[in-house]
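Novice: Provided below: final-v7.cif, containing mmCIF, C-alpha atoms.
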data_work
#
loop_
_atom_site.label_atom_id
_atom_site.label_comp_id
_atom_site.auth_asym_id
_atom_site.auth_seq_id
_atom_site.Cartn_x
_atom_site.Cartn_y
_atom_site.Cartn_z
CA MET O 27 -36.93 115.33 -69.62
CA SER O 28 -33.42 114.39 -69.45
CA SER O 29 -33.46 114.74 -65.68
CA SER O 30 -36.66 112.78 -65.48
CA ASN O 31 -35.20 110.10 -67.61
CA GLU O 32 -32.09 110.06 -65.51
CA THR O 33 -34.20 109.91 -62.45
CA THR O 34 -36.16 107.06 -63.91
CA GLU O 35 -32.97 105.34 -64.93
CA THR O 36 -31.57 105.95 -61.54
CA THR O 37 -34.70 104.54 -59.95
CA GLU O 38 -34.61 101.56 -62.23
CA THR O 39 -30.97 101.15 -61.59
CA GLY O 40 -31.61 101.28 -57.86
CA SER O 41 -34.47 98.87 -58.19
CA THR O 42 -32.29 96.63 -60.24
CA ALA O 43 -29.57 96.83 -57.64
CA LYS O 44 -32.04 96.05 -54.92
CA ALA O 45 -33.37 93.21 -57.02
CA ALA O 46 -29.82 91.98 -57.39
CA LYS O 47 -29.24 92.21 -53.66
CA ALA O 48 -32.57 90.53 -52.81
CA PRO O 49 -31.42 87.04 -53.69
CA LYS O 50 -28.77 87.35 -50.95
CA ALA O 51 -31.50 86.82 -48.35
CA PRO O 52 -32.44 83.43 -49.70
CA LYS O 53 -28.74 82.61 -49.59
CA ALA O 54 -28.81 83.34 -45.91
CA ALA O 55 -31.96 81.30 -45.56
CA ALA O 56 -30.36 78.60 -47.58
CA SER O 57 -27.34 78.87 -45.36
CA LYS O 58 -29.53 78.45 -42.31
CA THR O 59 -31.34 75.64 -44.00
CA VAL O 60 -28.05 73.96 -44.75
CA LYS O 61 -26.77 74.51 -41.23
CA ALA O 62 -29.88 73.02 -39.67
CA PRO O 63 -29.45 69.71 -41.39
CA LYS O 64 -25.82 69.73 -40.37
CA ALA O 65 -26.80 70.11 -36.74
CA GLU O 66 -29.38 67.37 -37.08
CA THR O 67 -26.95 65.21 -38.94
CA ALA O 68 -24.34 65.75 -36.29
CA ALA O 69 -26.82 64.99 -33.53
CA THR O 70 -28.11 61.99 -35.37
CA ALA O 71 -24.59 60.84 -36.15
CA SER O 72 -23.60 61.38 -32.57
CA LYS O 73 -26.58 59.39 -31.33
CA ALA O 74 -26.01 56.76 -33.95
CA THR O 75 -22.38 56.57 -32.94
CA LYS O 76 -23.22 56.33 -29.25
CA ALA O 77 -25.86 53.68 -29.78
CA PRO O 78 -23.52 51.27 -31.49
CA ALA O 79 -20.96 52.00 -28.82
CA LYS O 80 -23.39 50.86 -26.17
CA THR O 81 -24.31 47.90 -28.28
CA ALA O 82 -20.64 47.12 -28.69
CA LYS O 83 -20.14 47.11 -24.92
CA ALA O 84 -22.84 44.50 -24.41
CA PRO O 85 -21.13 41.93 -26.62
CA LYS O 86 -17.88 42.60 -24.75
CA THR O 87 -19.58 41.76 -21.47
CA ALA O 88 -21.12 38.66 -22.98
CA ALA O 89 -17.77 37.70 -24.41
CA GLY O 90 -16.19 38.25 -21.02
CA SER O 91 -18.81 36.11 -19.34
CA ALA O 92 -18.30 33.47 -21.97
CA THR O 93 -14.56 33.64 -21.43
CA ASP O 94 -15.03 33.36 -17.65
CA ALA O 95 -17.37 30.45 -18.18
CA VAL O 96 -14.84 28.74 -20.42
CA ALA O 97 -12.08 29.44 -17.88
CA THR O 98 -14.25 28.06 -15.11
CA ALA O 99 -15.12 25.03 -17.20
CA ALA O 100 -11.44 24.55 -17.99
CA LYS O 101 -10.55 24.60 -14.29
CA ALA O 102 -13.35 22.23 -13.28
CA PRO O 103 -12.02 19.17 -15.15
CA LYS O 104 -8.71 19.51 -13.27
CA ALA O 105 -10.44 18.75 -10.00
CA HIS O 106 -12.18 15.77 -11.63
CA LYS O 107 -8.88 14.54 -13.00
CA ALA O 108 -7.19 14.84 -9.60
CA ALA O 109 -9.91 12.83 -7.90
CA PRO O 110 -9.62 9.80 -10.20
CA ALA O 111 -5.85 9.99 -9.86
CA ALA O 112 -6.16 9.85 -6.09
CA LYS O 113 -8.64 7.00 -6.36
CA ALA O 114 -6.38 5.19 -8.79
CA ALA O 115 -3.56 5.35 -6.22
CA LYS O 116 -5.57 3.27 -3.75
CA PRO O 117 -6.03 0.28 -6.07
CA ALA O 118 -2.30 0.53 -6.83
CA LYS O 119 -1.51 0.28 -3.11
CA ALA O 120 -4.01 -2.54 -2.68
CA ALA O 121 -2.47 -4.41 -5.62
CA LYS O 122 1.00 -3.87 -4.18
CA ALA O 123 -0.12 -5.12 -0.75
CA ALA O 124 -1.79 -8.15 -2.37
CA ALA O 125 1.38 -8.91 -4.32
CA GLY O 126 3.40 -8.64 -1.11
CA ALA O 127 0.98 -10.98 0.68
CA GLU O 128 1.25 -13.51 -2.14
CA ALA O 129 5.04 -13.33 -2.09
CA ALA O 130 5.29 -13.78 1.72
CA PRO O 131 5.87 -17.47 2.57
CA ALA O 132 3.53 -19.12 5.02
CA CYS O 133 4.94 -20.11 8.38
CA PRO O 134 5.77 -23.86 8.42
CA CYS O 135 4.38 -24.28 11.94
CA GLY O 136 0.81 -24.14 10.63
CA THR O 137 -0.72 -21.10 12.33
CA GLY O 138 -1.88 -19.72 8.98
CA GLN O 139 0.23 -16.60 9.36
CA SER O 140 3.21 -15.67 7.24
CA LEU O 141 6.69 -16.61 8.45
CA ALA O 142 7.44 -12.91 8.96
CA GLU O 143 4.41 -12.52 11.23
CA CYS O 144 4.84 -15.76 13.17
CA CYS O 145 8.12 -17.60 13.81
CA GLY O 146 10.37 -15.41 11.66
CA PRO O 147 11.15 -12.76 14.31
CA ILE O 148 11.81 -15.48 16.92
CA LEU O 149 14.23 -17.33 14.63
CA ALA O 150 16.00 -14.05 13.85
CA GLY O 151 16.38 -13.22 17.57
CA LYS O 152 14.24 -10.08 17.24
CA SER O 153 11.75 -11.39 19.79
CA GLN O 154 11.44 -14.23 22.31
CA ALA O 155 8.91 -17.02 22.23
CA PRO O 156 6.25 -15.97 24.78
CA THR O 157 5.10 -19.53 25.54
CA ALA O 158 6.36 -23.10 25.45
CA GLU O 159 4.06 -23.81 22.50
CA ALA O 160 5.48 -20.81 20.62
CA LEU O 161 8.99 -22.19 21.17
CA MET O 162 7.90 -25.63 19.94
CA ARG O 163 6.43 -24.06 16.81
CA SER O 164 9.57 -22.00 16.21
CA ARG O 165 11.77 -25.09 16.48
CA TYR O 166 9.64 -26.91 13.91
CA SER O 167 9.96 -23.89 11.61
CA ALA O 168 13.72 -23.97 12.17
CA TYR O 169 13.86 -27.58 10.98
CA ALA O 170 11.73 -26.68 7.95
CA THR O 171 13.89 -23.66 7.00
CA GLY O 172 17.26 -25.19 7.91
CA ASP O 173 18.01 -22.76 10.74
CA ILE O 174 20.36 -25.10 12.63
CA ALA O 175 21.88 -22.30 14.70
CA TYR O 176 18.48 -21.57 16.23
CA LEU O 177 17.95 -25.25 17.04
CA ARG O 178 21.17 -25.19 19.04
CA ARG O 179 20.38 -21.82 20.64
CA SER O 180 16.89 -22.87 21.78
CA LEU O 181 18.14 -26.15 23.27
CA ASP O 182 18.70 -26.44 27.00
CA THR O 183 22.25 -25.32 27.76
CA ARG O 184 23.04 -28.71 29.30
CA TRP O 185 22.61 -30.43 25.92
CA GLN O 186 24.11 -27.86 23.59
CA LYS O 187 27.58 -29.48 23.74
CA ASP O 188 26.12 -32.81 22.52
CA PHE O 189 24.20 -31.19 19.68
CA ASP O 190 25.14 -32.84 16.36
CA GLU O 191 24.91 -29.92 14.01
CA GLN O 192 25.92 -31.77 10.82
CA ALA O 193 23.52 -34.68 11.32
CA THR O 194 20.69 -32.26 12.15
CA LEU O 195 21.44 -30.18 9.06
CA GLU O 196 21.31 -33.26 6.80
CA TRP O 197 18.03 -34.39 8.33
CA SER O 198 16.58 -30.90 7.94
CA LYS O 199 17.62 -30.69 4.27
CA ASN O 200 16.63 -34.23 3.27
CA ALA O 201 13.16 -34.09 4.83
CA THR O 202 10.12 -32.43 3.28
CA TRP O 203 8.29 -30.87 6.19
CA GLN O 204 4.53 -31.31 5.88
CA GLY O 205 3.06 -29.76 8.99
CA LEU O 206 2.81 -29.53 12.77
CA SER O 207 -0.18 -30.35 14.95
CA ILE O 208 -0.41 -29.48 18.63
CA VAL O 209 -2.15 -32.28 20.52
CA GLU O 210 -2.03 -30.89 24.06
CA THR O 211 -0.33 -28.24 26.17
CA LYS O 212 0.18 -28.22 29.92
CA ALA O 213 1.24 -24.98 31.61
CA GLY O 214 3.96 -23.26 29.59
CA GLY O 215 2.15 -19.90 29.55
CA PRO O 216 3.75 -16.43 29.80
CA ALA O 217 3.55 -16.56 33.60
CA ASP O 218 4.92 -20.13 33.89
CA ASP O 219 8.51 -21.37 34.18
CA GLU O 220 7.84 -24.87 32.90
CA GLY O 221 5.54 -26.41 30.36
CA ILE O 222 4.72 -29.51 28.33
CA VAL O 223 3.67 -29.59 24.69
CA GLU O 224 2.54 -32.75 22.96
CA PHE O 225 2.71 -32.51 19.20
CA ILE O 226 2.74 -34.45 15.94
CA ALA O 227 5.34 -33.48 13.34
CA ALA O 228 4.74 -34.65 9.76
CA PHE O 229 7.48 -34.96 7.14
CA ASN O 230 8.56 -37.02 4.17
CA MET O 231 11.94 -38.73 4.16
CA ASP O 232 13.27 -40.70 1.20
CA GLY O 233 9.82 -40.72 -0.42
CA GLN O 234 8.07 -42.06 2.67
CA ASP O 235 5.60 -40.04 4.75
CA GLN O 236 6.37 -40.12 8.46
CA LYS O 237 4.82 -38.68 11.59
CA ILE O 238 6.35 -38.39 15.02
CA ARG O 239 4.28 -37.89 18.14
CA GLU O 240 6.22 -36.51 21.06
CA ARG O 241 5.58 -35.13 24.52
CA ALA O 242 8.19 -32.38 24.97
CA GLN O 243 9.28 -30.55 28.10
CA PHE O 244 10.22 -26.86 28.16
CA LYS O 245 11.77 -24.66 30.82
CA LYS O 246 12.11 -20.90 31.14
CA GLN O 247 15.41 -19.42 32.29
CA ASP O 248 15.81 -15.67 32.83
CA GLY O 249 12.59 -15.08 30.90
CA VAL O 250 13.65 -17.23 27.92
CA TRP O 251 12.09 -20.56 26.99
CA PHE O 252 14.32 -23.58 26.17
CA TYR O 253 13.60 -27.06 24.91
CA VAL O 254 14.72 -29.58 27.60
CA ASP O 255 13.87 -33.00 26.14
CA GLY O 256 11.04 -35.06 24.76
CA LYS O 257 9.63 -38.55 24.91
CA VAL O 258 8.33 -40.23 21.78
CA LYS O 259 5.04 -41.90 22.56
CA SER O 260 4.64 -45.69 22.54
CA THR O 261 3.97 -47.52 19.32
CA GLN O 262 0.26 -47.58 20.07
CA GLU O 263 0.17 -43.80 20.25
CA THR O 264 3.09 -42.90 18.02
CA VAL O 265 2.09 -42.15 14.48
CA VAL O 266 5.39 -43.13 12.92
CA SER O 267 5.72 -44.91 9.61
CA GLY O 268 8.74 -45.61 7.47
CA PRO O 269 12.23 -46.89 8.27
CA LYS O 270 13.20 -47.49 11.85
CA VAL O 271 15.35 -44.76 13.35
CA GLY O 272 18.96 -45.88 13.82
CA ARG O 273 20.67 -45.51 17.17
CA ASN O 274 23.16 -43.05 15.71
CA ASP O 275 20.52 -41.06 13.78
CA PRO O 276 19.25 -37.71 15.10
CA CYS O 277 16.47 -38.30 17.57
CA PRO O 278 13.04 -37.74 15.98
CA CYS O 279 12.05 -35.67 18.98
CA GLY O 280 14.13 -32.80 17.64
CA SER O 281 16.52 -32.50 20.53
CA GLY O 282 19.51 -32.57 18.22
CA LYS O 283 20.98 -35.48 20.12
CA LYS O 284 21.52 -38.94 18.73
CA PHE O 285 18.63 -41.29 19.19
CA LYS O 286 20.63 -43.65 21.42
CA LYS O 287 21.32 -40.75 23.82
CA CYS O 288 17.81 -39.40 23.81
CA CYS O 289 14.57 -41.29 23.25
CA ALA O 290 15.92 -44.78 22.49
#
Output the file's structure in the form of structure tokens.

Specialist:
Amino acid sequence: MSSSNETTETTETGSTAKAAKAPKAPKAAASKTVKAPKAETAATASKATKAPAKTAKAPKTAAGSATDAVATAAKAPKAHKAAPAAKAAKPAKAAKAAAGAEAAPACPCGTGQSLAECCGPILAGKSQAPTAEALMRSRYSAYATGDIAYLRRSLDTRWQKDFDEQATLEWSKNATWQGLSIVETKAGGPADDEGIVEFIAAFNMDGQDQKIRERAQFKKQDGVWFYVDGKVKSTQETVVSGPKVGRNDPCPCGSGKKFKKCCA
């Protein structure tokens, strides 16, 4: 009985031990069950992590495009700014040219050009008068501007010694020169050696308007035109008003000689 009881106890003890060991299997199952979620969680986390990463890249590209667009937009106005600046330079040049044109004095001889474009270069000796009329115009401009040296230089060499520089200077300064009109020209072209120019010179002397009508002779020597002499027209044709010219006054014809030695 004792042995049977021992056997029974042993069997029960063994069964109890087995029963105690049996729960270990669920632990393993539980372990597997726990591991499975971990794998899923890891996979899910990995996917979830990757998905946002891809999503994050898209905004970067958009941001880059936006940045490029902004950079492009920033560069574009520069070209627009440069164009108006270039256009603005043209009005500035035009304004400067207009100011220069306004400042340039008109030529006294009446061609409508500026003195620098007309008689100025001839008076300065930079160019020669191409025609007898051009020389006549330049001499009138010399009277109007007080260029007495040119009046002597453009006079025929035979009369230069009799040229009264002081009297001519006073007449030039005291007169207000009002204009020159060319009545007629005969020969006196670039290919000619002689020419005649009939003109009317208007001026004001001592508050009185005067006009002198003269038929002047010109001669070319070594390619250069010179004023030879002139004849004031008769009283019927002469448009002269004001005081009578004195015999010792400069001749109204512009020769630089005294009236008594010229057209008297």

Novice: Kindly indicate which residue among O:Glu159, O:Tyr169, O:Glu210, O:Lys246 lies nearest to Thr194 (chain O), using all atoms listed in the file for the distances.

Specialist: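 Of all the options, O:Tyr169 lies closest to Thr194 (chain O).
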
Novice: Just the residues within 10 Å of region 181-183 of chain O, please, counting all atoms listed in the file, with nothing from its chain fewer than 4 positions along; format it as a PyMOL selection string.

Specialist: chain O and resi 165+176-177+187-189+244-247+251-255+280-282

Novice: Restricting it to C-alpha atoms, dump the selection as a compact mmCIF listing (two decimals), in the coordinates of the input.

Specialist:
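So the final result, stored in out_31.txt, reads:
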# COMPACT_ATOMS: atom_id res chain seq x y z
CA ARG O 165 11.77 -25.09 16.48
CA TYR O 176 18.48 -21.57 16.23
CA LEU O 177 17.95 -25.25 17.04
CA LYS O 187 27.58 -29.48 23.74
CA ASP O 188 26.12 -32.81 22.52
CA PHE O 189 24.20 -31.19 19.68
CA PHE O 244 10.22 -26.86 28.16
CA LYS O 245 11.77 -24.66 30.82
CA LYS O 246 12.11 -20.90 31.14
CA GLN O 247 15.41 -19.42 32.29
CA TRP O 251 12.09 -20.56 26.99
CA PHE O 252 14.32 -23.58 26.17
CA TYR O 253 13.60 -27.06 24.91
CA VAL O 254 14.72 -29.58 27.60
CA ASP O 255 13.87 -33.00 26.14
CA GLY O 280 14.13 -32.80 17.64
CA SER O 281 16.52 -32.50 20.53
CA GLY O 282 19.51 -32.57 18.22

Novice: Using only C-alpha atoms, can you tell me which of O:Pro216, O:Pro134, O:Thr171, O:Ala142 comes closest to Ala155 (chain O)?

Specialist: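 Residue with the minimum atom-to-atom distance to Ala155 (chain O): O:Pro216.
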
Novice: Name the residues that the PyMOL selection byres ((chain O and resi 144-153) around 9) pulls out of this structure, and write them as a count of residues only.

Specialist: 23

Novice: When you look at Gly256 (chain O) with a cut-off of 7 Å (counting all atoms listed in the file), what residues show up, excluding the ones that are within fewer than 4 positions of it in the same chain? I need them as number ranges by chain.

Specialist: O: 240-243, 279

Novice: Measure the distance from CA of Ser180 (chain O) to CA of Gln234 (chain O) in Å and round it to one decimal.

Specialist: 28.5 Å
